[in-house]
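Engineer: Sharing a structure here in structure tokens format.
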Amino acid sequence: MGKSYTLTQKAIKPLQLQQNKIIRMCLNKYSLEGSTSQNYKELKVLPIRSVYL
């Protein structure tokens, strides 16, 4: 994979971390326990990673 893929990864990672935090806040889950993908399904939210990769 090329240079643009690496740049995309570097740009998306901070957004992904922020989105994960927001999802946990919305669900009142402040610990890192549990499945992140289950949290997304529960709120019916598309992960940022799915949009850009």
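Chain identifiers are assigned as A, B, and so on, following the order in which chains appear in the structure tokens; residues are numbered from 1 within each chain, and ligands are numbered from 1 in order of appearance.
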Within 12 Å of Leu17 (chain A), counting only C-alpha atoms, which residues qualify if same-chain residues fewer than 5 places away don't, as a list in words?
Structural biologist: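 Returned residues: Lys10, Ala11, Ile12, Ile22, Ile23, Arg24, Leu32, Thr36, Pro47, Ile48 and Arg49 of chain A.
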Engineer: Go ahead and save the picked residues with C-alpha atoms, as a PDB file, in the first residue's frame.
Structural biologist:
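Output saved as part_25.pdb:
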ATOM      1  CA  LYS A  10      -2.654   8.963  10.275  1.00  0.00           C
ATOM      2  CA  ALA A  11      -5.486  11.405   9.600  1.00  0.00           C
ATOM      3  CA  ILE A  12      -8.277   8.989  10.517  1.00  0.00           C
ATOM      4  CA  ILE A  22     -18.276  10.389  21.934  1.00  0.00           C
ATOM      5  CA  ILE A  23     -20.038   7.048  21.459  1.00  0.00           C
ATOM      6  CA  ARG A  24     -19.100   5.973  25.001  1.00  0.00           C
ATOM      7  CA  LEU A  32     -12.930   1.068  28.032  1.00  0.00           C
ATOM      8  CA  THR A  36     -16.623  -0.830  20.569  1.00  0.00           C
ATOM      9  CA  PRO A  47     -17.651   4.327  12.144  1.00  0.00           C
ATOM     10  CA  ILE A  48     -15.474   7.001  10.545  1.00  0.00           C
ATOM     11  CA  ARG A  49     -13.131   4.235   9.418  1.00  0.00           C
TER      12      ARG A  49
END
Engineer: Counting only C-alpha atoms, figure out which residue out of A:Ser35, A:Thr6, A:Asn28, A:Gln16 gets nearest to Ser50 (chain A).
Structural biologist: A:Gln16
